[in-house]
Amino acid sequence: MRPLTCLIEKEKTSILVVDDVQSNLELMEAVFTKEGFKVHTALNSLVALDIFRKYPIDLALLDVMMPVTDGFKLCRNLKEISGKRFFPIILLTALTDRQSKIKGIESGADDFISKPFDPTELNLKIKSLLNLKTLNEELDHSENIILTLAVAMESRDPYTKGHSARVSKLSADFVAFLSLPEDDRKEMKKAGILHDIGKICLSESLLRKPGSLTKEEVEMIKTHTVLGEKLCKPLFSMRKILPAIRHHHERWDGTGFPDGLAGQDIPIMARILAITDSFDAMVSVRPYRDRRSVSVSLETIESEQYSGQWDSELVGYFLEMMHPLTKKDHRVNA
Ligand SMILES: [Fe+2]
C-alpha cells in the first residue's frame, strides 16, 4: 500500500502579476513559480480584473506605470471588489518619489517595491502579507462562529427569537442618530447581537422556566453578563464590546449587576444597550404578558426616564429618535 502523506491536498497560493511588459511578466512568473506559488499573469487591467473574478487569488503584484488604466486605479478596483475581505496588494514601481507612495497608499496598496526588484526582498514582503491575510481570515471565522452561536442560542426560545438582531439594529441606529463615528456604529451592532451570549452557558430549563424564579435562579441568570464577557474575551476583534456585554444590566443609580457601577462609570455602549434591550423586551411577547405597543412602551420609558434605571439624557435622545414628529411639534410650539 502506498504510504499516506496527507488527508487534504494543500492548494497552492495564487498570485496575480500585472505588468504591461511581457519580459517582466515572464521573469516574475519564473521567480514565483520556483517559490511554489501558482502564478496568473496579465498584460493589462482588463485581463487582470477578468482573472480576479474567475480564480481565487491570494495576493496581487501590480506595475504602476501601465497604459489606459494604471496600477493605482487597478489597485482601487481590486480593493473595491474584495469588499471587507483583506486582499493584499503590492505596487511594483520604478517611481521612488514620496508623492507616488502617497497616491499608492490612497489607492489602498499594502506595500511597495522598487524596480529592478530584489527577489528575496519581494518574497519576504509577499510571505508577510500572506501571513496577515491568513490571520485576518482566522479572526473572521472565529467572529462569525460566535455570532452564529448567538443567533442559534436565541432561536431555541420562541419568546426571545430575533431579540438580539432587533436590539443590534436599534442600538446601531441610535448610535448613528447620536452622530457618533461609523466605527462605533459597527461595534454597537456587534454588541447588540452578543449582549446575551453568556446565556448559552445556562440551562434551557432555567431560561424557559415558567412562573417566578427562586433567589438562586435569579442570581444564576445574572451571571450571563460575566459569562458572555469571558466567552468573547479570547477574540481580539471583540475587545471593544466586552464592557457592553459585561455591563448591560448596570443601572444609573448603581443598583444593577454585575458590578453595581453607577452613572458615567457605566460604559456608554452598556448604557445604550440598557435602553434598547428594555424597549425591545417591552414590545415583544413574553410568556407572562402580551406584546405592548410601541407608543405605550415609549410612554412607559418616558414616565420612568428618571427612575434611576437608565441614563436620563440618553433616554431623552432615544425618545427624540423614536418620536420625531412629536418632538418636531414641541420645537414648533416652543
Ligand atoms: Fe442580558
# chains A, B, ... in the order shown; residues from 1 in each chain; ligands from 1
>>> closest_atom_pairs(of="chain A", to="ligand 1", cutoff="12 Å", atoms="only C-alpha atoms and all ligand atoms", output="JSON lines")
{"residue": "A:Glu154", "atom": "CA", "partner": "ligand 1", "partner_atom_place_in_ligand_line": "1 (Fe)", "distance": 12.0}
{"residue": "A:Thr160", "atom": "CA", "partner": "ligand 1", "partner_atom_place_in_ligand_line": "1 (Fe)", "distance": 11.2}
{"residue": "A:His163", "atom": "CA", "partner": "ligand 1", "partner_atom_place_in_ligand_line": "1 (Fe)", "distance": 10.7}
{"residue": "A:Ser164", "atom": "CA", "partner": "ligand 1", "partner_atom_place_in_ligand_line": "1 (Fe)", "distance": 9.8}
{"residue": "A:Val167", "atom": "CA", "partner": "ligand 1", "partner_atom_place_in_ligand_line": "1 (Fe)", "distance": 11.0}
{"residue": "A:Ala191", "atom": "CA", "partner": "ligand 1", "partner_atom_place_in_ligand_line": "1 (Fe)", "distance": 11.2}
{"residue": "A:Gly192", "atom": "CA", "partner": "ligand 1", "partner_atom_place_in_ligand_line": "1 (Fe)", "distance": 10.1}
{"residue": "A:Ile193", "atom": "CA", "partner": "ligand 1", "partner_atom_place_in_ligand_line": "1 (Fe)", "distance": 10.9}
{"residue": "A:Leu194", "atom": "CA", "partner": "ligand 1", "partner_atom_place_in_ligand_line": "1 (Fe)", "distance": 9.4}
{"residue": "A:His195", "atom": "CA", "partner": "ligand 1", "partner_atom_place_in_ligand_line": "1 (Fe)", "distance": 6.1}
{"residue": "A:Asp196", "atom": "CA", "partner": "ligand 1", "partner_atom_place_in_ligand_line": "1 (Fe)", "distance": 4.7}
{"residue": "A:Ile197", "atom": "CA", "partner": "ligand 1", "partner_atom_place_in_ligand_line": "1 (Fe)", "distance": 8.4}
{"residue": "A:Gly198", "atom": "CA", "partner": "ligand 1", "partner_atom_place_in_ligand_line": "1 (Fe)", "distance": 8.4}
{"residue": "A:Lys199", "atom": "CA", "partner": "ligand 1", "partner_atom_place_in_ligand_line": "1 (Fe)", "distance": 8.1}
{"residue": "A:Ile200", "atom": "CA", "partner": "ligand 1", "partner_atom_place_in_ligand_line": "1 (Fe)", "distance": 11.6}
{"residue": "A:Leu207", "atom": "CA", "partner": "ligand 1", "partner_atom_place_in_ligand_line": "1 (Fe)", "distance": 11.6}
{"residue": "A:Ile221", "atom": "CA", "partner": "ligand 1", "partner_atom_place_in_ligand_line": "1 (Fe)", "distance": 8.7}
{"residue": "A:Lys222", "atom": "CA", "partner": "ligand 1", "partner_atom_place_in_ligand_line": "1 (Fe)", "distance": 7.8}
{"residue": "A:Thr223", "atom": "CA", "partner": "ligand 1", "partner_atom_place_in_ligand_line": "1 (Fe)", "distance": 9.4}
{"residue": "A:His224", "atom": "CA", "partner": "ligand 1", "partner_atom_place_in_ligand_line": "1 (Fe)", "distance": 6.8}
{"residue": "A:Thr225", "atom": "CA", "partner": "ligand 1", "partner_atom_place_in_ligand_line": "1 (Fe)", "distance": 6.5}
{"residue": "A:Val226", "atom": "CA", "partner": "ligand 1", "partner_atom_place_in_ligand_line": "1 (Fe)", "distance": 10.3}
{"residue": "A:Leu227", "atom": "CA", "partner": "ligand 1", "partner_atom_place_in_ligand_line": "1 (Fe)", "distance": 10.9}
{"residue": "A:Gly228", "atom": "CA", "partner": "ligand 1", "partner_atom_place_in_ligand_line": "1 (Fe)", "distance": 9.4}
{"residue": "A:Glu229", "atom": "CA", "partner": "ligand 1", "partner_atom_place_in_ligand_line": "1 (Fe)", "distance": 11.6}
{"residue": "A:Ala244", "atom": "CA", "partner": "ligand 1", "partner_atom_place_in_ligand_line": "1 (Fe)", "distance": 10.3}
{"residue": "A:Ile245", "atom": "CA", "partner": "ligand 1", "partner_atom_place_in_ligand_line": "1 (Fe)", "distance": 8.0}
{"residue": "A:Arg246", "atom": "CA", "partner": "ligand 1", "partner_atom_place_in_ligand_line": "1 (Fe)", "distance": 9.0}
{"residue": "A:His247", "atom": "CA", "partner": "ligand 1", "partner_atom_place_in_ligand_line": "1 (Fe)", "distance": 9.0}
{"residue": "A:His248", "atom": "CA", "partner": "ligand 1", "partner_atom_place_in_ligand_line": "1 (Fe)", "distance": 6.5}
{"residue": "A:His249", "atom": "CA", "partner": "ligand 1", "partner_atom_place_in_ligand_line": "1 (Fe)", "distance": 6.4}
{"residue": "A:Glu250", "atom": "CA", "partner": "ligand 1", "partner_atom_place_in_ligand_line": "1 (Fe)", "distance": 10.1}
{"residue": "A:Gly256", "atom": "CA", "partner": "ligand 1", "partner_atom_place_in_ligand_line": "1 (Fe)", "distance": 11.5}
{"residue": "A:Phe257", "atom": "CA", "partner": "ligand 1", "partner_atom_place_in_ligand_line": "1 (Fe)", "distance": 10.2}
{"residue": "A:Pro258", "atom": "CA", "partner": "ligand 1", "partner_atom_place_in_ligand_line": "1 (Fe)", "distance": 10.9}
{"residue": "A:Ala270", "atom": "CA", "partner": "ligand 1", "partner_atom_place_in_ligand_line": "1 (Fe)", "distance": 10.5}
{"residue": "A:Leu273", "atom": "CA", "partner": "ligand 1", "partner_atom_place_in_ligand_line": "1 (Fe)", "distance": 9.1}
{"residue": "A:Ala274", "atom": "CA", "partner": "ligand 1", "partner_atom_place_in_ligand_line": "1 (Fe)", "distance": 8.6}
{"residue": "A:Ile275", "atom": "CA", "partner": "ligand 1", "partner_atom_place_in_ligand_line": "1 (Fe)", "distance": 11.5}
{"residue": "A:Thr276", "atom": "CA", "partner": "ligand 1", "partner_atom_place_in_ligand_line": "1 (Fe)", "distance": 11.2}
{"residue": "A:Asp277", "atom": "CA", "partner": "ligand 1", "partner_atom_place_in_ligand_line": "1 (Fe)", "distance": 7.7}
{"residue": "A:Ser278", "atom": "CA", "partner": "ligand 1", "partner_atom_place_in_ligand_line": "1 (Fe)", "distance": 9.5}
{"residue": "A:Asp280", "atom": "CA", "partner": "ligand 1", "partner_atom_place_in_ligand_line": "1 (Fe)", "distance": 11.8}
{"residue": "A:Ala281", "atom": "CA", "partner": "ligand 1", "partner_atom_place_in_ligand_line": "1 (Fe)", "distance": 10.5}
>>> residues_around(residues="A:Phe37", least_positions_apart="5", cutoff="7 Å", atoms="only C-alpha atoms", output="list in words")
Lys12, Thr13, Ser14, Ile15 and Phe32 of chain A
>>> select_by_dssp(residues="stretch 20-195 of chain A", states="helix (DSSP H, G or I)", output="PyMOL selection string")
chain A and resi 22-34+45-54+71-82+98-106+119-155+163-177+182-194
>>> residues_around(residues="A:Ala176", least_positions_apart="6", cutoff="12 Å", atoms="only C-alpha atoms", output="VMD selection string")
chain A and resid 169 to 170 182 to 189 317 to 318 321
>>> write_last_selection(atoms="N, CA and C atoms", output="PDB file, in the first residue's frame")
ATOM      1  N   LYS A 169     -29.879  46.215  15.691  1.00  0.00           N
ATOM      2  CA  LYS A 169     -30.243  47.229  14.691  1.00  0.00           C
ATOM      3  C   LYS A 169     -30.634  48.551  15.375  1.00  0.00           C
ATOM      4  N   LEU A 170     -31.459  48.420  16.409  1.00  0.00           N
ATOM      5  CA  LEU A 170     -31.928  49.628  17.099  1.00  0.00           C
ATOM      6  C   LEU A 170     -30.763  50.378  17.752  1.00  0.00           C
ATOM      7  N   GLU A 182     -18.769  56.070  12.537  1.00  0.00           N
ATOM      8  CA  GLU A 182     -19.218  54.845  11.878  1.00  0.00           C
ATOM      9  C   GLU A 182     -18.631  53.591  12.563  1.00  0.00           C
ATOM     10  N   ASP A 183     -17.369  53.700  13.013  1.00  0.00           N
ATOM     11  CA  ASP A 183     -16.743  52.545  13.686  1.00  0.00           C
ATOM     12  C   ASP A 183     -17.522  52.188  14.959  1.00  0.00           C
ATOM     13  N   ASP A 184     -17.996  53.213  15.677  1.00  0.00           N
ATOM     14  CA  ASP A 184     -18.782  52.969  16.893  1.00  0.00           C
ATOM     15  C   ASP A 184     -20.093  52.258  16.542  1.00  0.00           C
ATOM     16  N   ARG A 185     -20.674  52.658  15.422  1.00  0.00           N
ATOM     17  CA  ARG A 185     -21.937  52.050  14.988  1.00  0.00           C
ATOM     18  C   ARG A 185     -21.732  50.552  14.714  1.00  0.00           C
ATOM     19  N   LYS A 186     -20.593  50.241  14.069  1.00  0.00           N
ATOM     20  CA  LYS A 186     -20.308  48.835  13.757  1.00  0.00           C
ATOM     21  C   LYS A 186     -20.093  48.013  15.026  1.00  0.00           C
ATOM     22  N   GLU A 187     -19.364  48.585  15.986  1.00  0.00           N
ATOM     23  CA  GLU A 187     -19.111  47.866  17.244  1.00  0.00           C
ATOM     24  C   GLU A 187     -20.422  47.671  18.009  1.00  0.00           C
ATOM     25  N   MET A 188     -21.278  48.711  17.968  1.00  0.00           N
ATOM     26  CA  MET A 188     -22.555  48.653  18.678  1.00  0.00           C
ATOM     27  C   MET A 188     -23.441  47.549  18.083  1.00  0.00           C
ATOM     28  N   LYS A 189     -23.367  47.412  16.767  1.00  0.00           N
ATOM     29  CA  LYS A 189     -24.141  46.387  16.069  1.00  0.00           C
ATOM     30  C   LYS A 189     -23.748  44.988  16.576  1.00  0.00           C
ATOM     31  N   TYR A 317     -32.668  61.443  24.259  1.00  0.00           N
ATOM     32  CA  TYR A 317     -32.296  61.324  22.840  1.00  0.00           C
ATOM     33  C   TYR A 317     -33.013  60.145  22.175  1.00  0.00           C
ATOM     34  N   PHE A 318     -33.157  59.047  22.944  1.00  0.00           N
ATOM     35  CA  PHE A 318     -33.823  57.860  22.389  1.00  0.00           C
ATOM     36  C   PHE A 318     -35.279  58.182  22.041  1.00  0.00           C
ATOM     37  N   MET A 321     -35.439  60.191  18.986  1.00  0.00           N
ATOM     38  CA  MET A 321     -35.265  59.390  17.767  1.00  0.00           C
ATOM     39  C   MET A 321     -36.561  58.628  17.428  1.00  0.00           C
TER      40      MET A 321
END
>>> closest_residue(among="A:Lys215, A:Arg166, A:Lys233, A:Lys34", to="A:Pro119", atoms="only C-alpha atoms")
A:Lys34
>>> closest_residue(among="A:Val283, A:Ile301, A:Leu314, A:Leu130", to="A:Trp252", atoms="only C-alpha atoms")
A:Leu314
>>> select_by_dssp(residues="stretch 80-238 of chain A", states="strand (DSSP E or B)", output="ChimeraX atom specification")
/A:89-93,111-114
>>> residues_around(residues="A:Glu143", least_positions_apart="3", cutoff="8 Å", atoms="only C-alpha atoms", output="VMD selection string")
chain A and resid 139 to 140 146 to 147 235 237 to 238
>>> write_last_selection(atoms="C-alpha atoms", output="mmCIF file, in the first residue's frame")
data_model
loop_
_atom_site.group_PDB
_atom_site.id
_atom_site.type_symbol
_atom_site.label_atom_id
_atom_site.label_comp_id
_atom_site.auth_asym_id
_atom_site.auth_seq_id
_atom_site.Cartn_x
_atom_site.Cartn_y
_atom_site.Cartn_z
ATOM 1 C CA LEU A 139 -10.252 36.108 13.066
ATOM 2 C CA ASP A 140 -13.207 36.497 10.718
ATOM 3 C CA ILE A 146 -19.618 33.243 17.811
ATOM 4 C CA LEU A 147 -22.199 35.469 16.046
ATOM 5 C CA LEU A 235 -11.168 37.119 20.484
ATOM 6 C CA SER A 237 -11.913 41.541 17.414
ATOM 7 C CA MET A 238 -14.365 41.511 20.365
#
>>> residues_around(residues="stretch 63-75 of chain A", least_positions_apart="5", cutoff="7 Å", atoms="only C-alpha atoms", output="list in words")
Val18, Asp19, Asp20, Ser45, Leu91, Leu92, Thr93, Gly104, Ser107, Gly108 and Ala109 of chain A
>>> atom_distance(atom1="atom CA of A:Leu16", atom2="atom CA of A:Lys38")
8.7 Å
